[in-house]
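Content type mmCIF, C-alpha atoms, from the file coords_16.cif:
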data_work
loop_
_atom_site.group_PDB
_atom_site.id
_atom_site.type_symbol
_atom_site.label_atom_id
_atom_site.label_comp_id
_atom_site.auth_asym_id
_atom_site.auth_seq_id
_atom_site.Cartn_x
_atom_site.Cartn_y
_atom_site.Cartn_z
ATOM 1 C CA MET A 280 -9.598 105.928 -47.833
ATOM 2 C CA GLU A 281 -10.623 104.555 -44.441
ATOM 3 C CA ILE A 282 -13.867 106.554 -44.608
ATOM 4 C CA ILE A 283 -14.705 105.009 -48.009
ATOM 5 C CA LEU A 284 -13.868 101.519 -46.754
ATOM 6 C CA ALA A 285 -16.026 102.090 -43.669
ATOM 7 C CA VAL A 286 -19.048 102.863 -45.876
ATOM 8 C CA PHE A 287 -18.679 99.498 -47.629
ATOM 9 C CA ASP A 288 -17.989 97.556 -44.443
ATOM 10 C CA PHE A 289 -20.931 95.517 -43.136
ATOM 11 C CA GLY A 290 -19.143 93.917 -40.221
ATOM 12 C CA LYS A 291 -18.227 90.249 -40.006
ATOM 13 C CA HIS A 292 -20.695 89.283 -42.776
ATOM 14 C CA SER A 293 -19.372 91.760 -45.362
ATOM 15 C CA GLY A 294 -18.004 88.955 -47.528
ATOM 16 C CA PHE A 295 -21.397 87.249 -47.823
ATOM 17 C CA ILE A 296 -23.228 90.478 -48.662
ATOM 18 C CA TRP A 297 -20.723 91.575 -51.303
ATOM 19 C CA ALA A 298 -20.588 88.065 -52.789
ATOM 20 C CA ALA A 299 -24.378 88.191 -53.334
ATOM 21 C CA TYR A 300 -24.340 91.679 -54.868
ATOM 22 C CA ILE A 301 -21.316 91.014 -57.075
ATOM 23 C CA ALA A 302 -22.932 87.764 -58.296
ATOM 24 C CA ALA A 303 -26.117 89.701 -59.119
ATOM 25 C CA ILE A 304 -24.155 92.325 -61.073
ATOM 26 C CA ILE A 305 -22.185 89.645 -62.963
ATOM 27 C CA VAL A 306 -25.280 87.587 -63.860
ATOM 28 C CA LEU A 307 -27.436 90.554 -64.930
ATOM 29 C CA ILE A 308 -24.724 92.328 -66.938
ATOM 30 C CA SER A 309 -23.410 89.170 -68.588
ATOM 31 C CA MET A 310 -26.903 88.063 -69.703
ATOM 32 C CA TRP A 311 -27.433 91.548 -71.137
ATOM 33 C CA MET A 312 -24.066 91.630 -72.911
ATOM 34 C CA VAL A 313 -24.342 88.121 -74.341
ATOM 35 C CA SER A 314 -27.839 88.907 -75.701
ATOM 36 C CA ASN A 315 -26.607 92.197 -77.189
ATOM 37 C CA ARG A 316 -23.601 90.613 -78.836
ATOM 38 C CA THR A 317 -25.619 87.704 -80.237
ATOM 39 C CA ALA A 318 -28.289 90.098 -81.551
ATOM 40 C CA LYS A 319 -25.649 92.196 -83.337
ATOM 41 C CA LYS A 320 -24.057 89.078 -84.867
ATOM 42 C CA ALA A 321 -27.441 87.808 -86.045
ATOM 43 C CA ALA A 322 -28.352 91.221 -87.540
ATOM 44 C CA LEU A 323 -25.057 91.261 -89.495
ATOM 45 C CA GLU A 324 -25.627 87.725 -90.734
ATOM 46 C CA LEU A 325 -29.150 88.605 -91.836
ATOM 47 C CA GLU A 326 -27.849 91.632 -93.727
ATOM 48 C CA SER A 327 -25.236 89.506 -95.482
ATOM 49 C CA LEU A 328 -27.912 87.057 -96.643
ATOM 50 C CA ARG A 329 -30.472 89.667 -97.722
ATOM 51 C CA PRO A 330 -29.014 90.743 -101.112
ATOM 52 C CA ALA A 331 -29.255 87.194 -102.371
ATOM 53 C CA ARG A 332 -32.948 87.078 -101.610
ATOM 54 C CA PRO A 333 -35.598 87.373 -104.336
ATOM 55 C CA GLU A 334 -37.379 90.714 -104.047
ATOM 56 C CA HIS A 335 -40.904 89.381 -104.302
ATOM 57 C CA ILE A 336 -40.671 87.661 -100.889
ATOM 58 C CA ASN A 337 -42.780 89.517 -98.367
ATOM 59 C CA LYS A 338 -40.811 90.491 -95.248
ATOM 60 C CA ASP A 339 -43.605 89.562 -92.864
ATOM 61 C CA ALA A 340 -44.355 86.302 -94.555
ATOM 62 C CA GLU A 341 -41.014 84.801 -93.602
ATOM 63 C CA LEU A 342 -42.359 83.191 -90.470
ATOM 64 C CA MET B 195 -53.491 90.549 -78.572
ATOM 65 C CA GLN B 196 -53.443 88.597 -81.832
ATOM 66 C CA ARG B 197 -52.500 91.878 -83.559
ATOM 67 C CA PHE B 198 -49.096 91.951 -81.799
ATOM 68 C CA ALA B 199 -48.357 88.362 -82.796
ATOM 69 C CA ASN B 200 -47.342 89.749 -86.184
ATOM 70 C CA PRO B 201 -43.490 89.852 -86.167
ATOM 71 C CA ALA B 202 -43.238 93.304 -87.808
ATOM 72 C CA ARG B 203 -45.749 94.808 -85.365
ATOM 73 C CA PHE B 204 -44.021 93.067 -82.477
ATOM 74 C CA ASN B 205 -40.631 94.521 -83.483
ATOM 75 C CA HIS B 206 -42.146 97.978 -83.744
ATOM 76 C CA LEU B 207 -43.826 97.679 -80.333
ATOM 77 C CA ALA B 208 -40.661 96.235 -78.709
ATOM 78 C CA ASP B 209 -38.578 99.134 -80.085
ATOM 79 C CA ARG B 210 -40.985 101.567 -78.447
ATOM 80 C CA ILE B 211 -41.102 99.773 -75.055
ATOM 81 C CA MET B 212 -37.415 98.930 -74.625
ATOM 82 C CA PRO B 213 -35.994 102.467 -74.113
ATOM 83 C CA TRP B 214 -38.530 103.025 -71.322
ATOM 84 C CA SER B 215 -37.981 99.680 -69.625
ATOM 85 C CA ASN B 216 -34.200 100.196 -69.894
ATOM 86 C CA ALA B 217 -34.480 103.622 -68.250
ATOM 87 C CA VAL B 218 -36.743 102.313 -65.465
ATOM 88 C CA ALA B 219 -34.366 99.398 -64.839
ATOM 89 C CA ILE B 220 -31.267 101.627 -64.597
ATOM 90 C CA ILE B 221 -32.908 104.216 -62.309
ATOM 91 C CA ALA B 222 -34.569 101.587 -60.086
ATOM 92 C CA PHE B 223 -31.324 99.570 -59.813
ATOM 93 C CA MET B 224 -29.384 102.674 -58.784
ATOM 94 C CA LEU B 225 -31.947 103.831 -56.233
ATOM 95 C CA GLY B 226 -32.685 100.298 -55.026
ATOM 96 C CA GLY B 227 -28.975 99.501 -54.739
ATOM 97 C CA TYR B 228 -28.355 102.624 -52.677
ATOM 98 C CA TYR B 229 -31.290 102.029 -50.332
ATOM 99 C CA SER B 230 -30.528 98.304 -50.023
ATOM 100 C CA LEU B 231 -26.890 98.715 -49.113
ATOM 101 C CA PHE B 232 -26.664 102.035 -47.315
ATOM 102 C CA ASP B 233 -30.052 103.358 -46.226
ATOM 103 C CA SER B 234 -32.072 100.378 -45.018
ATOM 104 C CA PRO B 235 -31.720 99.234 -41.411
ATOM 105 C CA ALA B 236 -30.058 96.032 -40.249
ATOM 106 C CA ASP B 237 -32.354 93.275 -38.991
ATOM 107 C CA TYR B 238 -32.523 92.681 -35.231
ATOM 108 C CA GLN B 239 -31.932 88.924 -35.711
ATOM 109 C CA GLN B 240 -30.011 88.630 -38.974
ATOM 110 C CA SER B 241 -28.086 91.904 -38.603
ATOM 111 C CA GLU B 242 -26.478 93.146 -41.869
ATOM 112 C CA THR B 243 -27.000 89.884 -43.785
ATOM 113 C CA VAL B 244 -30.636 90.894 -44.356
ATOM 114 C CA ARG B 245 -29.305 93.084 -47.200
ATOM 115 C CA ILE B 246 -28.904 89.911 -49.281
ATOM 116 C CA MET B 247 -32.718 89.763 -49.342
ATOM 117 C CA TYR B 248 -32.834 92.736 -51.748
ATOM 118 C CA VAL B 249 -31.196 90.711 -54.503
ATOM 119 C CA HIS B 250 -32.276 87.205 -53.473
ATOM 120 C CA VAL B 251 -36.049 87.818 -53.307
ATOM 121 C CA PRO B 252 -36.400 89.686 -56.655
ATOM 122 C CA ALA B 253 -34.211 87.075 -58.394
ATOM 123 C CA ALA B 254 -36.349 84.246 -56.962
ATOM 124 C CA TRP B 255 -39.624 85.966 -57.902
ATOM 125 C CA MET B 256 -38.414 86.731 -61.429
ATOM 126 C CA SER B 257 -37.211 83.144 -61.909
ATOM 127 C CA MET B 258 -40.798 81.981 -61.264
ATOM 128 C CA LEU B 259 -42.351 84.782 -63.346
ATOM 129 C CA CYS B 260 -40.037 83.921 -66.210
ATOM 130 C CA TYR B 261 -41.141 80.290 -66.028
ATOM 131 C CA MET B 262 -44.774 81.436 -66.149
ATOM 132 C CA ILE B 263 -43.900 83.401 -69.317
ATOM 133 C CA VAL B 264 -42.293 80.271 -70.812
ATOM 134 C CA ALA B 265 -45.311 78.126 -69.879
ATOM 135 C CA ALA B 266 -47.942 80.660 -71.033
ATOM 136 C CA ALA B 267 -46.133 81.235 -74.339
ATOM 137 C CA SER B 268 -45.749 77.478 -74.841
ATOM 138 C CA PHE B 269 -49.472 76.978 -74.196
ATOM 139 C CA THR B 270 -50.324 79.779 -76.661
ATOM 140 C CA GLY B 271 -48.011 78.227 -79.238
ATOM 141 C CA LEU B 272 -49.477 74.745 -78.837
ATOM 142 C CA VAL B 273 -53.119 75.917 -78.949
ATOM 143 C CA TRP B 274 -52.975 78.730 -81.531
ATOM 144 C CA LYS B 275 -49.883 77.422 -83.385
ATOM 145 C CA HIS B 276 -48.285 80.861 -83.639
ATOM 146 C CA PRO B 277 -44.480 80.659 -84.056
ATOM 147 C CA LEU B 278 -43.933 83.941 -82.200
ATOM 148 C CA ALA B 279 -45.285 82.309 -79.025
ATOM 149 C CA PHE B 280 -42.751 79.464 -79.262
ATOM 150 C CA LEU B 281 -39.972 81.976 -79.911
ATOM 151 C CA THR B 282 -41.045 83.999 -76.851
ATOM 152 C CA ALA B 283 -40.829 80.886 -74.690
ATOM 153 C CA LYS B 284 -37.445 80.000 -76.179
ATOM 154 C CA ALA B 285 -36.179 83.553 -75.619
ATOM 155 C CA ALA B 286 -37.290 83.722 -71.974
ATOM 156 C CA ALA B 287 -35.855 80.368 -70.856
ATOM 157 C CA PRO B 288 -32.116 81.306 -70.642
ATOM 158 C CA ILE B 289 -33.010 84.458 -68.674
ATOM 159 C CA GLY B 290 -35.058 82.348 -66.268
ATOM 160 C CA ALA B 291 -32.182 79.894 -65.880
ATOM 161 C CA GLY B 292 -29.765 82.746 -65.095
ATOM 162 C CA LEU B 293 -32.127 84.270 -62.543
ATOM 163 C CA THR B 294 -32.763 80.873 -60.899
ATOM 164 C CA ALA B 295 -29.017 80.282 -60.636
ATOM 165 C CA LEU B 296 -28.689 83.740 -59.054
ATOM 166 C CA ALA B 297 -31.511 82.981 -56.588
ATOM 167 C CA LEU B 298 -29.848 79.677 -55.635
ATOM 168 C CA PHE B 299 -26.423 81.280 -55.187
ATOM 169 C CA THR B 300 -27.632 84.281 -53.171
ATOM 170 C CA GLY B 301 -29.800 81.906 -51.107
ATOM 171 C CA ALA B 302 -26.752 79.793 -50.257
ATOM 172 C CA VAL B 303 -24.709 82.888 -49.412
ATOM 173 C CA TRP B 304 -27.543 84.113 -47.168
ATOM 174 C CA GLY B 305 -28.102 80.667 -45.647
ATOM 175 C CA GLN B 306 -24.552 80.184 -44.389
ATOM 176 C CA PRO B 307 -24.459 83.118 -41.910
ATOM 177 C CA THR B 308 -28.185 82.795 -41.054
ATOM 178 C CA TRP B 309 -28.778 79.028 -40.736
ATOM 179 C CA GLY B 310 -25.163 77.851 -40.559
ATOM 180 C CA THR B 311 -25.433 75.875 -43.810
ATOM 181 C CA TRP B 312 -24.972 76.644 -47.503
ATOM 182 C CA TRP B 313 -27.537 74.101 -48.602
ATOM 183 C CA GLU B 314 -30.297 71.987 -47.109
ATOM 184 C CA TRP B 315 -32.460 69.489 -49.012
ATOM 185 C CA ASP B 316 -35.651 71.141 -47.804
ATOM 186 C CA ALA B 317 -38.792 71.617 -49.909
ATOM 187 C CA ARG B 318 -38.192 75.246 -50.948
ATOM 188 C CA MET B 319 -34.562 74.891 -51.976
ATOM 189 C CA THR B 320 -35.074 71.530 -53.674
ATOM 190 C CA SER B 321 -38.095 72.770 -55.667
ATOM 191 C CA VAL B 322 -36.110 75.828 -56.845
ATOM 192 C CA LEU B 323 -33.285 73.482 -57.888
ATOM 193 C CA VAL B 324 -35.887 71.450 -59.821
ATOM 194 C CA LEU B 325 -36.962 74.714 -61.522
ATOM 195 C CA PHE B 326 -33.342 75.287 -62.589
ATOM 196 C CA PHE B 327 -33.175 71.762 -64.064
ATOM 197 C CA LEU B 328 -36.499 72.327 -65.852
ATOM 198 C CA TYR B 329 -35.009 75.384 -67.548
ATOM 199 C CA LEU B 330 -31.904 73.397 -68.515
ATOM 200 C CA GLY B 331 -34.036 70.544 -69.860
ATOM 201 C CA TYR B 332 -36.203 72.965 -71.831
ATOM 202 C CA MET B 333 -33.150 74.644 -73.418
ATOM 203 C CA ALA B 334 -31.493 71.263 -74.088
ATOM 204 C CA MET B 335 -34.595 70.151 -76.036
ATOM 205 C CA TRP B 336 -34.373 73.173 -78.336
ATOM 206 C CA GLU B 337 -30.661 72.500 -78.882
ATOM 207 C CA THR B 338 -30.851 68.759 -79.460
ATOM 208 C CA ILE B 339 -33.950 68.393 -81.652
ATOM 209 C CA GLU B 340 -33.064 69.583 -85.160
ATOM 210 C CA ASP B 341 -36.566 69.892 -86.574
ATOM 211 C CA HIS B 342 -37.916 73.284 -85.462
ATOM 212 C CA ASP B 343 -41.561 72.184 -85.232
ATOM 213 C CA LYS B 344 -40.764 69.046 -83.272
ATOM 214 C CA ALA B 345 -38.439 70.978 -80.939
ATOM 215 C CA SER B 346 -41.068 73.646 -80.269
ATOM 216 C CA ARG B 347 -43.771 71.047 -79.500
ATOM 217 C CA ALA B 348 -41.593 68.816 -77.300
ATOM 218 C CA SER B 349 -40.128 71.716 -75.309
ATOM 219 C CA SER B 350 -43.600 73.243 -74.863
ATOM 220 C CA ILE B 351 -44.966 70.009 -73.423
ATOM 221 C CA LEU B 352 -42.037 69.883 -70.985
ATOM 222 C CA ALA B 353 -42.680 73.527 -70.016
ATOM 223 C CA LEU B 354 -46.363 72.792 -69.372
ATOM 224 C CA VAL B 355 -45.619 69.679 -67.303
ATOM 225 C CA GLY B 356 -43.073 71.650 -65.275
ATOM 226 C CA VAL B 357 -45.529 74.417 -64.418
ATOM 227 C CA VAL B 358 -46.796 72.216 -61.573
ATOM 228 C CA ASN B 359 -43.531 73.081 -59.797
ATOM 229 C CA ILE B 360 -44.468 76.782 -59.459
ATOM 230 C CA PRO B 361 -47.209 76.362 -56.802
ATOM 231 C CA ILE B 362 -44.961 73.793 -55.100
ATOM 232 C CA ILE B 363 -42.216 76.442 -54.805
ATOM 233 C CA LYS B 364 -44.669 79.084 -53.582
ATOM 234 C CA PHE B 365 -46.440 76.940 -50.971
ATOM 235 C CA SER B 366 -43.555 74.639 -50.000
ATOM 236 C CA VAL B 367 -42.890 76.714 -46.891
ATOM 237 C CA GLU B 368 -46.511 76.219 -45.787
ATOM 238 C CA TRP B 369 -47.002 72.574 -46.786
ATOM 239 C CA TRP B 370 -43.772 71.236 -45.269
ATOM 240 C CA ASN B 371 -41.454 72.075 -42.398
ATOM 241 C CA THR B 372 -38.571 73.895 -44.010
ATOM 242 C CA VAL B 373 -35.427 75.711 -42.938
ATOM 243 C CA HIS B 374 -36.525 78.483 -45.289
ATOM 244 C CA GLN B 375 -38.665 81.168 -43.714
ATOM 245 C CA GLY B 376 -42.330 81.599 -44.627
ATOM 246 C CA ALA B 377 -43.694 84.296 -46.956
ATOM 247 C CA SER B 378 -43.324 87.810 -45.561
ATOM 248 C CA VAL B 379 -44.534 89.956 -48.476
ATOM 249 C CA LEU B 380 -47.121 88.079 -50.583
ATOM 250 C CA ARG B 381 -49.134 86.576 -47.710
ATOM 251 C CA VAL B 382 -52.636 86.536 -46.299
ATOM 252 C CA GLY B 383 -52.960 89.435 -43.855
ATOM 253 C CA GLY B 384 -50.513 91.698 -45.697
ATOM 254 C CA PRO B 385 -46.737 92.040 -45.575
ATOM 255 C CA SER B 386 -44.988 91.476 -42.249
ATOM 256 C CA ILE B 387 -41.897 93.371 -43.342
ATOM 257 C CA HIS B 388 -41.121 96.889 -42.020
ATOM 258 C CA GLU B 389 -41.658 99.767 -44.460
ATOM 259 C CA ASP B 390 -37.984 100.813 -44.200
ATOM 260 C CA MET B 391 -37.099 97.443 -45.706
ATOM 261 C CA MET B 392 -40.112 97.335 -48.004
ATOM 262 C CA LEU B 393 -39.071 100.419 -50.031
ATOM 263 C CA PRO B 394 -35.675 99.070 -51.193
ATOM 264 C CA LEU B 395 -37.225 95.656 -51.792
ATOM 265 C CA LEU B 396 -39.967 97.133 -53.993
ATOM 266 C CA LEU B 397 -37.429 99.255 -55.870
ATOM 267 C CA MET B 398 -35.298 96.195 -56.576
ATOM 268 C CA VAL B 399 -38.377 94.196 -57.615
ATOM 269 C CA LEU B 400 -39.310 97.033 -60.010
ATOM 270 C CA ALA B 401 -35.747 97.068 -61.374
ATOM 271 C CA PHE B 402 -35.748 93.297 -61.934
ATOM 272 C CA HIS B 403 -39.185 93.513 -63.628
ATOM 273 C CA ALA B 404 -38.036 96.267 -66.011
ATOM 274 C CA TYR B 405 -34.798 94.357 -66.696
ATOM 275 C CA LEU B 406 -36.787 91.192 -67.442
ATOM 276 C CA ILE B 407 -39.136 93.030 -69.838
ATOM 277 C CA SER B 408 -36.193 94.584 -71.724
ATOM 278 C CA LEU B 409 -34.221 91.375 -71.959
ATOM 279 C CA VAL B 410 -37.166 89.193 -72.990
ATOM 280 C CA LEU B 411 -38.096 91.688 -75.747
ATOM 281 C CA LYS B 412 -34.472 91.876 -76.883
ATOM 282 C CA ARG B 413 -34.190 88.082 -77.019
ATOM 283 C CA VAL B 414 -37.521 87.625 -78.833
ATOM 284 C CA LYS B 415 -36.245 90.074 -81.466
ATOM 285 C CA LEU B 416 -33.048 87.990 -81.641
ATOM 286 C CA GLU B 417 -35.024 84.772 -82.083
ATOM 287 C CA LEU B 418 -37.059 86.418 -84.866
ATOM 288 C CA THR B 419 -33.828 87.404 -86.633
ATOM 289 C CA ARG B 420 -32.485 83.852 -86.246
ATOM 290 C CA ARG B 421 -35.700 82.459 -87.690
ATOM 291 C CA LYS B 422 -35.428 84.817 -90.669
ATOM 292 C CA ILE B 423 -31.814 83.693 -91.205
ATOM 293 C CA MET B 424 -32.907 80.052 -91.110
ATOM 294 C CA VAL B 425 -35.695 80.641 -93.658
ATOM 295 C CA LEU B 426 -33.355 82.612 -95.957
ATOM 296 C CA ARG B 427 -30.710 79.886 -95.773
ATOM 297 C CA GLN B 428 -33.274 77.231 -96.591
ATOM 298 C CA SER B 429 -34.551 79.202 -99.605
ATOM 299 C CA LEU B 430 -30.964 79.802 -100.818
ATOM 300 C CA PHE B 431 -30.158 76.120 -100.390
ATOM 301 C CA ALA B 432 -33.324 75.133 -102.292
ATOM 302 C CA ARG B 433 -32.479 77.501 -105.164
ATOM 303 C CA LYS B 434 -28.916 76.144 -105.406
ATOM 304 C CA GLY B 435 -30.267 72.595 -105.475
ATOM 305 C CA ARG B 436 -32.521 73.348 -108.450
#
Take the structure in the file and write it out as structure tokens.
Amino acid sequence: MEIILAVFDFGKHSGFIWAAYIAAIIVLISMWMVSNRTAKKAALELESLRPARPEHINKDAEL
Amino acid sequence: MQRFANPARFNHLADRIMPWSNAVAIIAFMLGGYYSLFDSPADYQQSETVRIMYVHVPAAWMSMLCYMIVAAASFTGLVWKHPLAFLTAKAAAPIGAGLTALALFTGAVWGQPTWGTWWEWDARMTSVLVLFFLYLGYMAMWETIEDHDKASRASSILALVGVVNIPIIKFSVEWWNTVHQGASVLRVGGPSIHEDMMLPLLLMVLAFHAYLISLVLKRVKLELTRRKIMVLRQSLFARKGR
């Protein structure tokens, strides 16, 4: 256990270094997860609306 | 270029790029993380705190790159009136805001042990804070203006006005006396940073680039889906009204 802790110990500034890296991990992963979740929700909503749509509408012409 | 402005072609292209950019991001983050934390040397002045550079510098660079994407897409949208350009700008803005917040936080955490202060109102830090507010203002415009066309035009003008801040951020350390150190990688005369520190920095920059590409593509696809939902809702509403 002490050997593992020693690997992650950067002396008196350990707290600052880990705070920066943990913040980076939190920001990057949370942006990824929020985008993923929102994309899935939007895809489900689009699917639920699609059956009600007239068939002659061109997919690409929606924009 | 115009060819990929077609939403269906864009989706197809994004689906082909994203697995590769995801893989590059994961591998580069793992390698870069290892080298940054365990294999790179400590600095003779800053000691171990120099390791914060490997997350701070890529986050700061990507925050500016992301703003350039927002500004370039806004310009394309205003000039060529293509909705995909506006959606690209809209999709990139929250990522830029997140990366700017990360750059500001890691900068403060690096500043305390190095300069003895979390924050200083010097040109570099203040201009990066202005960049963060520009992102917030841009996103607020999209949220508050209901009409899609008006929102896209107003937010694009703000994005284009704000682009003047990018050279200010870059050259602030040369134009004014700042607490922040001068450029040590992208500078005239080549990088002044040792190669043992350059490798992890480049790996982390590569990882952040790949991450940015993946996330921007993912969010543009999301914005396209949202736009389709909006159009479908409007057509359903119009049919019910008839």
Contact residues around range 317-332 of chain A with all atoms listed in the file at 12 Å, ignoring same-chain residues under 3 positions, as an NGL selection string: (:A and (309-314 or 335-338 or 341)) or (:B and (285 or 409 or 411-434))
Selection dump of the PyMOL selection byres ((chain B and resi 372) around 12), as a ChimeraX atom specification: /B:309,313-321,363,365-371,373-377
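Put simply, CA of Ser234 in chain B is 26.2 Å away from CA of Leu259 in chain B.
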Residue among B:Asn200, B:Ser257, B:Thr270, B:Asn205 lying closest to Ala291 in chain B, counting only C-alpha atoms: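 Smallest distance to Ala291 in chain B is found for B:Ser257.
Across the structure, CA of Phe280 in chain B and CA of Ser268 in chain B are spaced 5.7 Å apart.
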Residues returned when the PyMOL selection byres ((chain A and resi 298) around 12) runs on this file, as a list in words: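 Expected selection for the PyMOL selection byres ((chain A and resi 298) around 12) here is His292, Ser293, Gly294, Phe295, Ile296, Trp297, Ala299, Tyr300, Ile301, Ala302, Ala303, Ile304 and Ile305 of chain A; Thr243, Arg245, Ile246, Val249, His250, Leu296, Phe299, Thr300, Gly301, Ala302, Val303 and Trp304 of chain B.
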One-decimal distance in Å that lies between CA of Ser215 in chain B and CA of Lys275 in chain B: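 Interatomic distance, CA of Lys275 in chain B to CA of Ser215 in chain B: 28.7 Å.
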Option closest in space to chain A, from B:Ile407, B:Cys260, B:Leu354, B:Leu293 [counting all atoms listed in the file]: B:Leu293
Nearby residues, (-27.1, 91.9, -38.6) file frame, 10 Å, all atoms listed in the file, as a list in words: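 Checked against the point, the hits come out as Phe289, Gly290, Lys291 and His292 of chain A; Pro235, Ala236, Asp237, Tyr238, Gln239, Gln240, Ser241, Glu242, Thr243, Val244, Arg245, Pro307 and Thr308 of chain B.
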Polymer residues at most 8 Å from Ser230 in chain B, all atoms listed in the file, same-chain spacing of 5 or more positions, as number ranges by chain: B: 245, 248, 391, 394-395
Neighbour list for Ala286 in chain B as a list in words, cut-off 7 Å, all atoms listed in the file, skip fewer than 4 positions in-chain: Cys260, Val264, Thr282, Gly290 and Val410 of chain B
Apply the PyMOL selection byres ((chain B and resi 333) around 12) to the displayed file and report the matching residues as a PDB file with C-alpha atoms, in the frame of the given file.
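Saved to part32.pdb:
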ATOM      1  CA  VAL B 264     -42.293  80.271 -70.812  1.00  0.00           C
ATOM      2  CA  LEU B 281     -39.972  81.976 -79.911  1.00  0.00           C
ATOM      3  CA  ALA B 283     -40.829  80.886 -74.690  1.00  0.00           C
ATOM      4  CA  LYS B 284     -37.445  80.000 -76.179  1.00  0.00           C
ATOM      5  CA  ALA B 285     -36.179  83.553 -75.619  1.00  0.00           C
ATOM      6  CA  ALA B 286     -37.290  83.722 -71.974  1.00  0.00           C
ATOM      7  CA  ALA B 287     -35.855  80.368 -70.856  1.00  0.00           C
ATOM      8  CA  PRO B 288     -32.116  81.306 -70.642  1.00  0.00           C
ATOM      9  CA  ILE B 289     -33.010  84.458 -68.674  1.00  0.00           C
ATOM     10  CA  GLY B 290     -35.058  82.348 -66.268  1.00  0.00           C
ATOM     11  CA  ALA B 291     -32.182  79.894 -65.880  1.00  0.00           C
ATOM     12  CA  PHE B 326     -33.342  75.287 -62.589  1.00  0.00           C
ATOM     13  CA  PHE B 327     -33.175  71.762 -64.064  1.00  0.00           C
ATOM     14  CA  LEU B 328     -36.499  72.327 -65.852  1.00  0.00           C
ATOM     15  CA  TYR B 329     -35.009  75.384 -67.548  1.00  0.00           C
ATOM     16  CA  LEU B 330     -31.904  73.397 -68.515  1.00  0.00           C
ATOM     17  CA  GLY B 331     -34.036  70.544 -69.860  1.00  0.00           C
ATOM     18  CA  TYR B 332     -36.203  72.965 -71.831  1.00  0.00           C
ATOM     19  CA  ALA B 334     -31.493  71.263 -74.088  1.00  0.00           C
ATOM     20  CA  MET B 335     -34.595  70.151 -76.036  1.00  0.00           C
ATOM     21  CA  TRP B 336     -34.373  73.173 -78.336  1.00  0.00           C
ATOM     22  CA  GLU B 337     -30.661  72.500 -78.882  1.00  0.00           C
ATOM     23  CA  THR B 338     -30.851  68.759 -79.460  1.00  0.00           C
ATOM     24  CA  ILE B 339     -33.950  68.393 -81.652  1.00  0.00           C
ATOM     25  CA  ALA B 345     -38.439  70.978 -80.939  1.00  0.00           C
ATOM     26  CA  SER B 346     -41.068  73.646 -80.269  1.00  0.00           C
ATOM     27  CA  ALA B 348     -41.593  68.816 -77.300  1.00  0.00           C
ATOM     28  CA  SER B 349     -40.128  71.716 -75.309  1.00  0.00           C
ATOM     29  CA  SER B 350     -43.600  73.243 -74.863  1.00  0.00           C
ATOM     30  CA  LEU B 352     -42.037  69.883 -70.985  1.00  0.00           C
ATOM     31  CA  ALA B 353     -42.680  73.527 -70.016  1.00  0.00           C
TER      32      ALA B 353
END
